[in-house]
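Just target.txt here, compact mmCIF, C-alpha atoms:
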```txt
# COMPACT_ATOMS: atom_id res chain seq x y z
CA MET A 1 104.74 89.82 113.54
CA THR A 2 104.17 93.52 113.09
CA THR A 3 101.59 93.92 110.36
CA ARG A 4 101.16 96.49 107.65
CA ARG A 5 98.30 98.11 109.49
CA LYS A 6 100.11 99.11 112.67
CA PHE A 7 100.59 102.53 111.06
CA ILE A 8 96.90 103.36 111.42
CA GLN A 9 97.53 104.21 115.09
CA SER A 10 99.05 107.48 113.93
CA ILE A 11 96.09 108.52 111.79
CA ALA A 12 94.75 110.95 114.38
CA ALA A 13 97.73 113.21 113.85
CA PHE A 14 96.78 113.57 110.20
CA SER A 15 92.99 113.59 110.38
CA SER A 16 92.79 117.34 109.83
CA LEU A 17 94.83 116.91 106.66
CA SER A 18 93.08 113.92 105.12
CA LEU A 19 89.48 114.45 106.20
CA THR A 20 88.59 117.68 107.97
CA GLY A 21 90.18 119.73 105.20
CA CYS A 22 87.59 118.47 102.75
CA GLY A 23 84.60 118.78 105.04
CA TRP A 24 84.24 115.20 106.27
CA ARG A 25 84.54 114.17 109.92
CA LEU A 26 85.58 110.82 111.32
CA ALA A 27 82.72 108.74 112.66
CA ASP A 28 82.43 108.43 116.42
CA VAL A 29 84.11 105.27 117.71
CA ARG A 30 81.83 102.93 119.63
CA ALA A 31 83.94 101.13 122.20
CA ASN A 32 81.54 98.26 122.88
CA ALA A 33 79.16 97.41 120.08
CA LYS A 34 76.53 94.88 121.19
CA THR A 35 75.02 92.14 119.09
CA SER A 36 71.68 93.08 117.64
CA GLY A 37 69.41 91.25 115.28
CA GLN A 38 67.62 94.43 114.26
CA ARG A 39 67.55 94.81 110.49
CA ASP A 40 67.51 98.61 110.70
CA GLN A 41 71.05 98.67 112.15
CA LEU A 42 74.37 97.81 110.53
CA TYR A 43 77.61 97.45 112.49
CA LEU A 44 80.97 97.86 110.71
CA TYR A 45 84.40 96.82 111.97
CA THR A 46 86.94 98.77 109.95
CA TRP A 47 90.09 100.88 109.72
CA THR A 48 89.99 104.40 111.11
CA GLN A 49 90.40 106.26 107.82
CA TYR A 50 87.90 104.21 105.83
CA THR A 51 84.67 105.79 107.03
CA ASP A 52 83.30 108.94 108.58
CA SER A 53 80.01 110.42 109.69
CA GLN A 54 79.00 111.84 106.28
CA LEU A 55 79.55 108.51 104.54
CA LEU A 56 77.41 106.76 107.14
CA LYS A 57 74.68 109.41 106.90
CA THR A 58 74.55 109.08 103.12
CA PHE A 59 74.06 105.32 103.37
CA SER A 60 71.39 105.76 106.03
CA ALA A 61 69.55 108.25 103.83
CA GLN A 62 69.56 105.74 100.95
CA THR A 63 68.57 102.67 102.95
CA GLY A 64 66.94 103.80 106.18
CA MET A 65 69.51 101.78 108.16
CA LYS A 66 71.50 103.25 111.03
CA VAL A 67 75.21 102.51 110.69
CA LEU A 68 77.64 102.27 113.58
CA ALA A 69 81.39 101.78 113.19
CA ASP A 70 84.05 100.33 115.46
CA PHE A 71 87.71 100.62 114.52
CA TYR A 72 90.78 98.40 114.84
CA ASP A 73 94.45 99.18 114.22
CA SER A 74 95.77 95.84 112.93
CA ASN A 75 94.52 92.74 111.17
CA ASP A 76 95.71 90.64 114.09
CA VAL A 77 93.59 92.61 116.57
CA MET A 78 90.55 92.13 114.37
CA LEU A 79 91.14 88.40 113.93
CA ALA A 80 91.77 87.85 117.64
CA LYS A 81 88.49 89.56 118.50
CA LEU A 82 86.54 87.43 116.04
CA GLN A 83 88.14 84.22 117.25
CA ALA A 84 87.43 85.15 120.85
CA GLY A 85 83.75 85.52 120.01
CA GLY A 86 83.71 89.31 120.18
CA GLY A 87 82.75 89.86 116.56
CA GLY A 88 79.12 88.81 116.74
CA ALA A 89 77.88 92.38 116.35
CA TYR A 90 79.46 93.01 112.98
CA SER A 91 77.97 92.42 109.55
CA ILE A 92 80.83 94.05 107.62
CA ILE A 93 84.60 93.76 108.26
CA TYR A 94 87.55 95.21 106.30
CA PRO A 95 90.48 92.72 106.33
CA SER A 96 93.60 93.09 104.20
CA ASP A 97 94.15 90.69 101.31
CA TYR A 98 96.41 88.16 103.04
CA MET A 99 94.06 88.10 106.04
CA VAL A 100 91.14 87.10 103.81
CA GLN A 101 92.95 83.84 103.10
CA LYS A 102 93.46 83.19 106.79
CA MET A 103 89.84 83.98 107.63
CA VAL A 104 88.59 81.65 104.91
CA ASP A 105 90.83 78.87 106.21
CA LYS A 106 89.40 79.42 109.69
CA LYS A 107 85.85 79.31 108.26
CA LEU A 108 85.00 82.79 109.55
CA LEU A 109 83.53 84.22 106.36
CA THR A 110 80.30 83.89 104.39
CA GLU A 111 80.66 83.15 100.69
CA ILE A 112 79.31 86.18 98.84
CA ASP A 113 76.29 85.67 96.58
CA HIS A 114 77.22 87.63 93.47
CA GLN A 115 73.60 87.51 92.32
CA ARG A 116 72.83 89.98 95.10
CA LEU A 117 75.50 92.47 94.01
CA ILE A 118 75.10 95.43 91.69
CA GLY A 119 78.20 96.87 90.04
CA LEU A 120 80.78 94.14 90.56
CA GLU A 121 81.64 94.44 86.87
CA ASN A 122 82.78 98.02 87.58
CA LEU A 123 85.97 96.75 89.18
CA PHE A 124 89.25 96.92 87.29
CA PRO A 125 90.11 93.47 85.85
CA ARG A 126 93.05 93.23 88.30
CA PHE A 127 90.56 93.11 91.17
CA GLN A 128 87.92 90.81 89.65
CA ASN A 129 89.88 87.60 90.18
CA PRO A 130 92.59 88.36 92.78
CA SER A 131 95.07 85.68 93.82
CA TYR A 132 94.13 86.01 97.49
CA ASP A 133 90.43 85.27 96.77
CA GLN A 134 89.68 83.85 93.34
CA ASN A 135 86.58 85.31 91.71
CA ASN A 136 85.97 87.40 94.86
CA ARG A 137 84.17 84.49 96.50
CA TYR A 138 84.54 85.92 100.00
CA SER A 139 85.66 89.52 99.60
CA ILE A 140 85.13 92.72 97.62
CA PRO A 141 88.14 95.05 97.16
CA PHE A 142 87.79 98.47 98.75
CA ASN A 143 91.18 100.20 98.60
CA TRP A 144 94.66 99.34 97.39
CA GLY A 145 98.20 100.65 97.45
CA THR A 146 101.90 99.95 97.26
CA THR A 147 105.04 100.03 99.40
CA GLY A 148 107.93 102.29 98.46
CA LEU A 149 110.24 105.10 99.52
CA VAL A 150 109.36 108.67 100.48
CA TYR A 151 112.26 111.14 100.39
CA ASN A 152 113.02 114.80 100.97
CA SER A 153 113.85 116.29 97.57
CA GLU A 154 115.69 119.21 99.20
CA ILE A 155 118.14 116.79 100.79
CA ILE A 156 118.19 114.09 98.10
CA LYS A 157 118.61 115.81 94.75
CA ASP A 158 118.68 112.68 92.59
CA PRO A 159 115.52 110.60 93.15
CA PRO A 160 116.17 107.05 94.38
CA GLU A 161 115.18 104.62 91.64
CA ASP A 162 115.54 101.30 93.42
CA TRP A 163 116.10 99.69 96.79
CA GLU A 164 119.83 99.45 96.08
CA TYR A 165 120.00 103.24 96.47
CA LEU A 166 120.06 102.71 100.25
CA TRP A 167 123.27 100.69 100.07
CA GLN A 168 124.89 102.88 97.42
CA ASN A 169 124.29 106.00 99.55
CA GLN A 170 124.65 104.46 102.98
CA ASP A 171 127.14 107.09 104.16
CA LYS A 172 124.95 110.02 103.07
CA LEU A 173 121.88 108.46 104.69
CA GLN A 174 123.65 107.57 107.93
CA LYS A 175 120.99 107.65 110.69
CA ARG A 176 118.65 109.62 108.42
CA MET A 177 116.54 106.76 107.09
CA THR A 178 114.02 104.28 108.47
CA LEU A 179 112.65 100.96 107.25
CA LEU A 180 109.25 99.54 108.13
CA ASN A 181 108.91 97.48 111.27
CA ASP A 182 107.52 94.60 109.22
CA VAL A 183 109.50 91.45 108.52
CA ARG A 184 107.70 90.49 105.31
CA GLU A 185 107.86 93.99 103.82
CA VAL A 186 111.52 94.61 104.61
CA MET A 187 112.81 91.14 103.78
CA GLY A 188 110.55 91.08 100.73
CA ALA A 189 111.92 94.36 99.38
CA VAL A 190 115.50 93.10 99.62
CA LEU A 191 114.54 89.76 98.11
CA ARG A 192 113.00 91.65 95.20
CA MET A 193 116.15 93.77 94.81
CA LEU A 194 118.17 90.56 94.63
CA GLY A 195 115.92 89.21 91.90
CA TYR A 196 113.86 86.87 94.08
CA SER A 197 110.19 86.73 95.01
CA TYR A 198 108.70 88.73 97.88
CA ASN A 199 107.29 85.37 98.98
CA SER A 200 110.43 83.25 98.62
CA LYS A 201 110.49 79.91 100.44
CA ASP A 202 114.18 79.32 99.77
CA GLU A 203 116.13 79.76 103.00
CA SER A 204 119.37 80.52 101.16
CA GLN A 205 117.62 83.51 99.56
CA ILE A 206 116.25 84.65 102.93
CA LYS A 207 119.75 84.45 104.38
CA ALA A 208 121.14 86.51 101.48
CA ALA A 209 118.56 89.22 102.18
CA TYR A 210 119.43 89.11 105.87
CA GLU A 211 123.14 89.61 105.12
CA LYS A 212 122.36 92.66 102.98
CA LEU A 213 120.22 94.15 105.74
CA LYS A 214 122.85 93.38 108.36
CA ALA A 215 125.35 95.47 106.35
CA LEU A 216 122.86 98.35 106.10
CA LYS A 217 121.68 98.29 109.70
CA PRO A 218 124.33 100.68 111.16
CA ALA A 219 122.92 103.44 108.94
CA ILE A 220 119.28 102.81 109.80
CA THR A 221 117.70 105.12 112.37
CA ALA A 222 115.00 102.61 113.25
CA PHE A 223 112.66 99.93 112.00
CA ASP A 224 109.52 101.99 112.31
CA THR A 225 106.03 102.11 110.82
CA GLU A 226 104.64 105.22 112.51
CA ALA A 227 107.04 107.76 114.03
CA TRP A 228 108.91 108.39 110.78
CA GLN A 229 106.03 110.57 109.54
CA ASN A 230 106.58 113.35 112.08
CA GLN A 231 110.35 112.94 111.78
CA ILE A 232 110.47 113.38 108.03
CA LEU A 233 108.06 116.32 108.20
CA ALA A 234 110.37 117.92 110.78
CA GLY A 235 113.39 117.39 108.52
CA ASP A 236 115.07 114.86 110.79
CA LEU A 237 114.91 112.11 108.17
CA ALA A 238 115.93 112.19 104.55
CA LEU A 239 114.18 109.00 103.50
CA ALA A 240 111.75 106.39 104.80
CA MET A 241 110.32 103.12 103.58
CA CYS A 242 106.54 103.48 103.77
CA TYR A 243 103.09 102.60 102.49
CA SER A 244 101.60 104.73 99.73
CA ALA A 245 98.65 105.62 101.98
CA ASP A 246 101.05 107.28 104.43
CA ALA A 247 103.08 108.85 101.64
CA LEU A 248 99.94 110.58 100.35
CA ARG A 249 99.42 112.30 103.69
CA VAL A 250 102.96 113.54 104.27
CA THR A 251 103.53 114.63 100.66
CA LYS A 252 100.32 116.62 100.77
CA GLU A 253 101.52 118.38 103.92
CA ASN A 254 104.99 119.00 102.48
CA PRO A 255 105.18 118.93 98.64
CA LYS A 256 108.98 118.69 98.83
CA LEU A 257 108.51 115.11 99.99
CA LYS A 258 108.24 112.69 97.07
CA TYR A 259 107.17 109.06 96.81
CA VAL A 260 108.71 106.45 94.52
CA ILE A 261 108.09 102.76 93.91
CA PRO A 262 111.46 101.01 93.35
CA ARG A 263 111.92 99.83 89.77
CA SER A 264 112.80 96.24 90.72
CA GLY A 265 109.37 95.93 92.29
CA SER A 266 107.62 96.14 95.62
CA SER A 267 104.48 94.90 97.36
CA LEU A 268 100.93 95.52 96.19
CA TRP A 269 98.24 95.37 98.88
CA THR A 270 94.46 95.52 98.93
CA ASP A 271 92.01 96.09 101.77
CA THR A 272 88.66 94.38 101.32
CA ILE A 273 85.07 94.11 102.54
CA VAL A 274 83.81 90.75 103.85
CA ILE A 275 80.70 89.38 105.55
CA PRO A 276 81.43 87.26 108.65
CA LYS A 277 79.50 84.04 109.18
CA VAL A 278 78.10 85.47 112.42
CA ALA A 279 76.76 88.61 110.69
CA PRO A 280 73.46 89.58 112.41
CA ASN A 281 72.30 91.62 109.41
CA PRO A 282 73.45 90.00 106.14
CA ASP A 283 70.82 91.92 104.15
CA GLY A 284 72.32 95.15 105.45
CA ALA A 285 75.78 93.86 104.57
CA TYR A 286 74.79 93.36 100.92
CA ALA A 287 73.20 96.81 100.90
CA TRP A 288 76.49 98.28 102.17
CA ILE A 289 78.57 96.50 99.54
CA ASN A 290 76.22 97.65 96.77
CA PHE A 291 76.44 101.19 98.15
CA ILE A 292 80.25 101.08 98.04
CA LEU A 293 80.20 99.65 94.49
CA GLN A 294 78.28 102.66 93.16
CA PRO A 295 80.73 104.54 90.86
CA GLU A 296 79.79 107.96 92.27
CA VAL A 297 80.31 106.72 95.85
CA ALA A 298 83.64 105.13 94.91
CA ALA A 299 84.77 108.39 93.30
CA GLN A 300 83.68 110.49 96.27
CA MET A 301 85.48 108.22 98.71
CA SER A 302 88.65 108.30 96.64
CA GLN A 303 88.58 112.10 96.68
CA HIS A 304 87.47 112.70 100.25
CA LEU A 305 89.44 109.91 101.91
CA ASN A 306 92.44 110.17 99.56
CA ILE A 307 92.43 106.45 98.75
CA SER A 308 93.00 104.42 95.59
CA THR A 309 89.72 103.03 94.31
CA PRO A 310 89.61 99.62 92.57
CA ASN A 311 86.38 100.75 90.85
CA SER A 312 87.13 101.58 87.21
CA SER A 313 83.81 103.41 86.70
CA GLY A 314 84.48 105.43 89.84
CA PHE A 315 88.01 106.16 88.62
CA GLU A 316 86.57 107.62 85.42
CA GLN A 317 84.61 110.15 87.49
CA LEU A 318 87.72 111.47 89.26
CA PRO A 319 89.35 114.78 88.30
CA VAL A 320 92.17 114.27 85.79
CA LYS A 321 94.69 115.54 88.33
CA GLN A 322 93.78 112.78 90.75
CA GLN A 323 93.73 110.13 88.02
CA GLN A 324 97.27 111.15 87.12
CA ASN A 325 98.52 111.02 90.72
CA THR A 326 101.03 108.19 90.42
CA THR A 327 101.15 107.64 94.17
CA LEU A 328 97.44 106.83 94.10
CA PHE A 329 97.45 105.13 90.71
CA PRO A 330 100.91 103.93 89.59
CA PRO A 331 101.38 103.08 85.90
CA GLU A 332 100.88 99.49 84.77
CA SER A 333 104.58 99.15 83.94
CA ILE A 334 105.37 99.53 87.65
CA LEU A 335 102.49 97.45 88.97
CA GLU A 336 103.56 94.51 86.79
CA LYS A 337 106.70 94.25 88.93
CA CYS A 338 104.85 94.32 92.24
CA GLU A 339 103.79 91.25 94.22
CA ARG A 340 101.20 90.56 96.85
CA ILE A 341 102.44 89.28 100.20
CA THR A 342 100.97 85.82 100.72
CA PRO A 343 100.84 83.61 103.83
CA LEU A 344 103.72 81.13 103.89
CA GLY A 345 102.51 78.76 106.57
CA ASP A 346 105.21 77.24 108.74
CA PHE A 347 107.94 78.80 106.58
CA GLU A 348 107.15 82.19 108.11
CA GLU A 349 109.18 80.95 111.10
CA VAL A 350 112.30 81.20 108.89
CA TYR A 351 111.60 84.87 108.19
CA GLU A 352 110.96 85.50 111.88
CA ARG A 353 114.23 83.83 112.89
CA TYR A 354 116.36 86.00 110.63
CA TRP A 355 114.32 89.09 111.53
CA THR A 356 114.94 88.51 115.22
CA GLN A 357 118.68 88.18 114.54
CA LEU A 358 118.64 91.42 112.57
CA THR A 359 116.62 93.57 114.96
CA SER A 360 118.09 92.27 118.22
CA SER A 361 121.77 92.47 117.30
```
Hey, can you dump this file as structure tokens for me?
Amino acid sequence: MTTRRKFIQSIAAFSSLSLTGCGWRLADVRANAKTSGQRDQLYLYTWTQYTDSQLLKTFSAQTGMKVLADFYDSNDVMLAKLQAGGGGAYSIIYPSDYMVQKMVDKKLLTEIDHQRLIGLENLFPRFQNPSYDQNNRYSIPFNWGTTGLVYNSEIIKDPPEDWEYLWQNQDKLQKRMTLLNDVREVMGAVLRMLGYSYNSKDESQIKAAYEKLKALKPAITAFDTEAWQNQILAGDLALAMCYSADALRVTKENPKLKYVIPRSGSSLWTDTIVIPKVAPNPDGAYAWINFILQPEVAAQMSQHLNISTPNSSGFEQLPVKQQQNTTLFPPESILEKCERITPLGDFEEVYERYWTQLTSS
């Protein structure tokens, strides 16, 4: 299954926009980190846009530890490496929320000792007892976002308010829109539009969502998680289903592009920090988490990396303009209608079956 994080592969095209423009540079990628028991080194395994050389230097200055980062482009790649025994170098990993559950089930994570943390109380209440990891036993939230629609306001004069806009304007959007190449996101959005849960386990509801998508498919340019960004910036697309993290980049490059979260609801996702059981430097891992939990660090990362911080004290240090950016921080009235995507066990095969019918026909 294509995961939410496949889109990170396109980050290089936007690095000058999201990082270089504010004076930060991406950290050098180390292709083959080797296991080391040295306590003056800390190896991270993370997403490309979640760290850079200045961030690592600041931590090193505070702790005296040298930090090295390797990057992955999907949760599945990360999990496969750990299961194959290739994750023994890393003391910190950044899985997405649903992957935390899977890693706990596979006994890959260390339970976090909250007595060793400083600043956990700074998190927004929403992130202090998340459904994917109650009481943050195994993970600490790092960044969060939503899924929605980005559109060209020069082409679409009336902002789309809900997913049903795609069907109501199918003729106008003919071959000028894309949906994500992600079965759970796409099926979930339609399920939500129909009044069902993003995580429905009722096959009749899954079939109803499939039938709606089948009717829309002739107007869809592609099921795509990456290429739409260049296409909408070039004016070839009028609308695309996307993640808020991507929407932030393209709307900053072209202010005529706007992002909206459909009123019937969408998905809410969180990327986290965890300590693997094989961590060679657990002391360094706790030092890193405490560094990230510092309000001033959380605020700086939110500004420099253009990410949504779950740290309420860090949020309070942000400029008012950034606090009021509804793509970064949607209002509570919208978030209340959003759901987290959760693992469905064997029932995921039902989603895959209908998805294969949809995308192969």
Residue neighbourhood Phe142 in chain A, 9 Å, only C-alpha atoms, exclusion window fewer than 3 positions, as a list in words: Tyr94, Thr270, Asp271, Thr272, Ile273, Ile292, Leu293, Ala298, Ser308, Thr309, Pro310 and Asn311 of chain A
Show me, as an MDAnalysis selection string, the residues that have an atom within 8 Å of range 186-202 of chain A when counting all atoms listed in the file, minus same-chain residues fewer than 5 positions from it. chainID A and resid 162:164 179:181 209:210 212:213 264:267 339:342 344 347 351
Selection above as a file: C-alpha atoms, as a PDB file, keeping the file's coordinate frame:
```pdb
ATOM      1  CA  ASP A 162     115.540 101.300  93.420  1.00  0.00           C
ATOM      2  CA  TRP A 163     116.100  99.690  96.790  1.00  0.00           C
ATOM      3  CA  GLU A 164     119.830  99.450  96.080  1.00  0.00           C
ATOM      4  CA  LEU A 179     112.650 100.960 107.250  1.00  0.00           C
ATOM      5  CA  LEU A 180     109.250  99.540 108.130  1.00  0.00           C
ATOM      6  CA  ASN A 181     108.910  97.480 111.270  1.00  0.00           C
ATOM      7  CA  ALA A 209     118.560  89.220 102.180  1.00  0.00           C
ATOM      8  CA  TYR A 210     119.430  89.110 105.870  1.00  0.00           C
ATOM      9  CA  LYS A 212     122.360  92.660 102.980  1.00  0.00           C
ATOM     10  CA  LEU A 213     120.220  94.150 105.740  1.00  0.00           C
ATOM     11  CA  SER A 264     112.800  96.240  90.720  1.00  0.00           C
ATOM     12  CA  GLY A 265     109.370  95.930  92.290  1.00  0.00           C
ATOM     13  CA  SER A 266     107.620  96.140  95.620  1.00  0.00           C
ATOM     14  CA  SER A 267     104.480  94.900  97.360  1.00  0.00           C
ATOM     15  CA  GLU A 339     103.790  91.250  94.220  1.00  0.00           C
ATOM     16  CA  ARG A 340     101.200  90.560  96.850  1.00  0.00           C
ATOM     17  CA  ILE A 341     102.440  89.280 100.200  1.00  0.00           C
ATOM     18  CA  THR A 342     100.970  85.820 100.720  1.00  0.00           C
ATOM     19  CA  LEU A 344     103.720  81.130 103.890  1.00  0.00           C
ATOM     20  CA  PHE A 347     107.940  78.800 106.580  1.00  0.00           C
ATOM     21  CA  TYR A 351     111.600  84.870 108.190  1.00  0.00           C
TER      22      TYR A 351
END
```
Contacts of Val150 in chain A within 8 Å, all atoms listed in the file, excl. fewer than 5 positions in-chain, as a PyMOL selection string: chain A and resi 239-242+247+257-260
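Closest to Trp355 in chain A among A:Tyr286, A:Phe223, A:Trp228, A:Phe124 is A:Phe223, based on all atoms listed in the file.
Distance check against Pro95 in chain A using only C-alpha atoms: of A:Gln294, A:Thr46, A:Thr221, A:Ser204, the minimum falls on A:Thr46.
Counting all atoms listed in the file and comparing A:Glu161, A:Asp171, A:Glu352, A:Asp70, the residue that lies closest to Lys217 in chain A is A:Asp171.
A straight line drawn from CA of Gly284 in chain A to CA of Leu117 in chain A is 12.2 Å long.
Closest approach to Ser74 in chain A among A:Tyr90, A:Trp144, A:Tyr45, A:Phe59: A:Tyr45, based on all atoms listed in the file.
Comparing A:Gln300, A:Pro343, A:Arg353, A:Ser360 by their smallest distance to Gln322 in chain A, the closest is A:Gln300 (using only C-alpha atoms).
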Counting all atoms listed in the file, the option among A:Leu268, A:Asp158, A:Arg126, A:Leu216 closest to Asp97 in chain A: A:Leu268
Range 172-174 of chain A environment, 8 Å, all atoms listed in the file, sequence neighbours closer than 6 positions dropped, as number ranges by chain: A: 166, 218-221, 238-239
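Our summary of the geometry notes that CA of Glu348 in chain A is positioned 28.8 Å from CA of Gln170 in chain A.
In this model, the gap between CA of Leu56 in chain A and CA of Tyr43 in chain A comes to 10.7 Å.
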Take the point (93.7, 92.3, 110.6) as written in the file and pick out every residue within 10 Å of it, counting only C-alpha atoms; give the list as a VMD selection string. chain A and resid 3 to 6 46 to 47 72 to 81 93 to 100 102 to 103 271
Output C-alpha atoms for every residue in that selection, as a PDB file, in the frame of the given file.
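Wrote result-v8.pdb, looks like this:
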```
ATOM      1  CA  THR A   3     101.590  93.920 110.360  1.00  0.00           C
ATOM      2  CA  ARG A   4     101.160  96.490 107.650  1.00  0.00           C
ATOM      3  CA  ARG A   5      98.300  98.110 109.490  1.00  0.00           C
ATOM      4  CA  LYS A   6     100.110  99.110 112.670  1.00  0.00           C
ATOM      5  CA  THR A  46      86.940  98.770 109.950  1.00  0.00           C
ATOM      6  CA  TRP A  47      90.090 100.880 109.720  1.00  0.00           C
ATOM      7  CA  TYR A  72      90.780  98.400 114.840  1.00  0.00           C
ATOM      8  CA  ASP A  73      94.450  99.180 114.220  1.00  0.00           C
ATOM      9  CA  SER A  74      95.770  95.840 112.930  1.00  0.00           C
ATOM     10  CA  ASN A  75      94.520  92.740 111.170  1.00  0.00           C
ATOM     11  CA  ASP A  76      95.710  90.640 114.090  1.00  0.00           C
ATOM     12  CA  VAL A  77      93.590  92.610 116.570  1.00  0.00           C
ATOM     13  CA  MET A  78      90.550  92.130 114.370  1.00  0.00           C
ATOM     14  CA  LEU A  79      91.140  88.400 113.930  1.00  0.00           C
ATOM     15  CA  ALA A  80      91.770  87.850 117.640  1.00  0.00           C
ATOM     16  CA  LYS A  81      88.490  89.560 118.500  1.00  0.00           C
ATOM     17  CA  ILE A  93      84.600  93.760 108.260  1.00  0.00           C
ATOM     18  CA  TYR A  94      87.550  95.210 106.300  1.00  0.00           C
ATOM     19  CA  PRO A  95      90.480  92.720 106.330  1.00  0.00           C
ATOM     20  CA  SER A  96      93.600  93.090 104.200  1.00  0.00           C
ATOM     21  CA  ASP A  97      94.150  90.690 101.310  1.00  0.00           C
ATOM     22  CA  TYR A  98      96.410  88.160 103.040  1.00  0.00           C
ATOM     23  CA  MET A  99      94.060  88.100 106.040  1.00  0.00           C
ATOM     24  CA  VAL A 100      91.140  87.100 103.810  1.00  0.00           C
ATOM     25  CA  LYS A 102      93.460  83.190 106.790  1.00  0.00           C
ATOM     26  CA  MET A 103      89.840  83.980 107.630  1.00  0.00           C
ATOM     27  CA  ASP A 271      92.010  96.090 101.770  1.00  0.00           C
TER      28      ASP A 271
END
```
Any chance you could work out the axis-aligned box around range 205-215 of chain A, listed atoms only, 6 Å on each side, giving centre and edge lengths in Å to one decimal, as lines of an AutoDock Vina configuration file?
```
center_x = 120.8
center_y = 89.5
center_z = 104.0
size_x = 21.1
size_y = 24.0
size_z = 20.8
```
Distance query Leu233 in chain A at most 9 Å, only C-alpha atoms, self and fewer than 6 positions along chain excluded, as an mmCIF file with C-alpha atoms, keeping the file's coordinate frame:
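Output contents, as saved in selection.cif:
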```cif
data_model
loop_
_atom_site.group_PDB
_atom_site.id
_atom_site.type_symbol
_atom_site.label_atom_id
_atom_site.label_comp_id
_atom_site.auth_asym_id
_atom_site.auth_seq_id
_atom_site.Cartn_x
_atom_site.Cartn_y
_atom_site.Cartn_z
ATOM 1 C CA ASN A 152 113.020 114.800 100.970
ATOM 2 C CA VAL A 250 102.960 113.540 104.270
ATOM 3 C CA THR A 251 103.530 114.630 100.660
ATOM 4 C CA GLU A 253 101.520 118.380 103.920
ATOM 5 C CA ASN A 254 104.990 119.000 102.480
ATOM 6 C CA LEU A 257 108.510 115.110 99.990
#
```
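Taking all atoms listed in the file into account, the residues near (66.8, 95.5, 109.0), no farther than 10 Å, are Gly37, Gln38, Arg39, Asp40, Gln41, Leu42, Thr63, Gly64, Met65, Lys66, Pro280, Asn281, Pro282, Asp283 and Gly284 of chain A.
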Could range 189-203 of chain A be completed with N, CA and C atoms and written as an mmCIF file, in the coordinates of the input, please?
```cif
data_model
loop_
_atom_site.group_PDB
_atom_site.id
_atom_site.type_symbol
_atom_site.label_atom_id
_atom_site.label_comp_id
_atom_site.auth_asym_id
_atom_site.auth_seq_id
_atom_site.Cartn_x
_atom_site.Cartn_y
_atom_site.Cartn_z
ATOM 1 N N ALA A 189 111.335 93.321 100.232
ATOM 2 C CA ALA A 189 111.920 94.360 99.380
ATOM 3 C C ALA A 189 113.349 93.985 98.974
ATOM 4 N N VAL A 190 114.113 93.479 99.928
ATOM 5 C CA VAL A 190 115.500 93.100 99.620
ATOM 6 C C VAL A 190 115.523 91.858 98.731
ATOM 7 N N LEU A 191 114.635 90.929 98.987
ATOM 8 C CA LEU A 191 114.540 89.760 98.110
ATOM 9 C C LEU A 191 114.257 90.197 96.673
ATOM 10 N N ARG A 192 113.350 91.155 96.532
ATOM 11 C CA ARG A 192 113.000 91.650 95.200
ATOM 12 C C ARG A 192 114.200 92.327 94.544
ATOM 13 N N MET A 193 114.948 93.104 95.317
ATOM 14 C CA MET A 193 116.150 93.770 94.810
ATOM 15 C C MET A 193 117.165 92.753 94.307
ATOM 16 N N LEU A 194 117.219 91.602 94.994
ATOM 17 C CA LEU A 194 118.170 90.560 94.630
ATOM 18 C C LEU A 194 117.660 89.673 93.492
ATOM 19 N N GLY A 195 116.455 89.968 93.012
ATOM 20 C CA GLY A 195 115.920 89.210 91.900
ATOM 21 C C GLY A 195 115.045 88.042 92.296
ATOM 22 N N TYR A 196 114.678 87.975 93.587
ATOM 23 C CA TYR A 196 113.860 86.870 94.080
ATOM 24 C C TYR A 196 112.413 87.345 94.336
ATOM 25 N N SER A 197 111.576 86.412 94.718
ATOM 26 C CA SER A 197 110.190 86.730 95.010
ATOM 27 C C SER A 197 110.030 87.311 96.414
ATOM 28 N N TYR A 198 109.071 88.205 96.563
ATOM 29 C CA TYR A 198 108.700 88.730 97.880
ATOM 30 C C TYR A 198 108.289 87.583 98.813
ATOM 31 N N ASN A 199 107.820 86.491 98.219
ATOM 32 C CA ASN A 199 107.290 85.370 98.980
ATOM 33 C C ASN A 199 108.178 84.135 98.883
ATOM 34 N N SER A 200 109.483 84.359 98.758
ATOM 35 C CA SER A 200 110.430 83.250 98.620
ATOM 36 C C SER A 200 110.321 82.264 99.778
ATOM 37 N N LYS A 201 110.451 80.974 99.432
ATOM 38 C CA LYS A 201 110.490 79.910 100.440
ATOM 39 C C LYS A 201 111.811 79.156 100.351
ATOM 40 N N ASP A 202 112.825 79.864 99.872
ATOM 41 C CA ASP A 202 114.180 79.320 99.770
ATOM 42 C C ASP A 202 115.023 79.957 100.879
ATOM 43 N N GLU A 203 115.434 79.175 101.859
ATOM 44 C CA GLU A 203 116.130 79.760 103.000
ATOM 45 C C GLU A 203 117.448 80.410 102.610
#
```
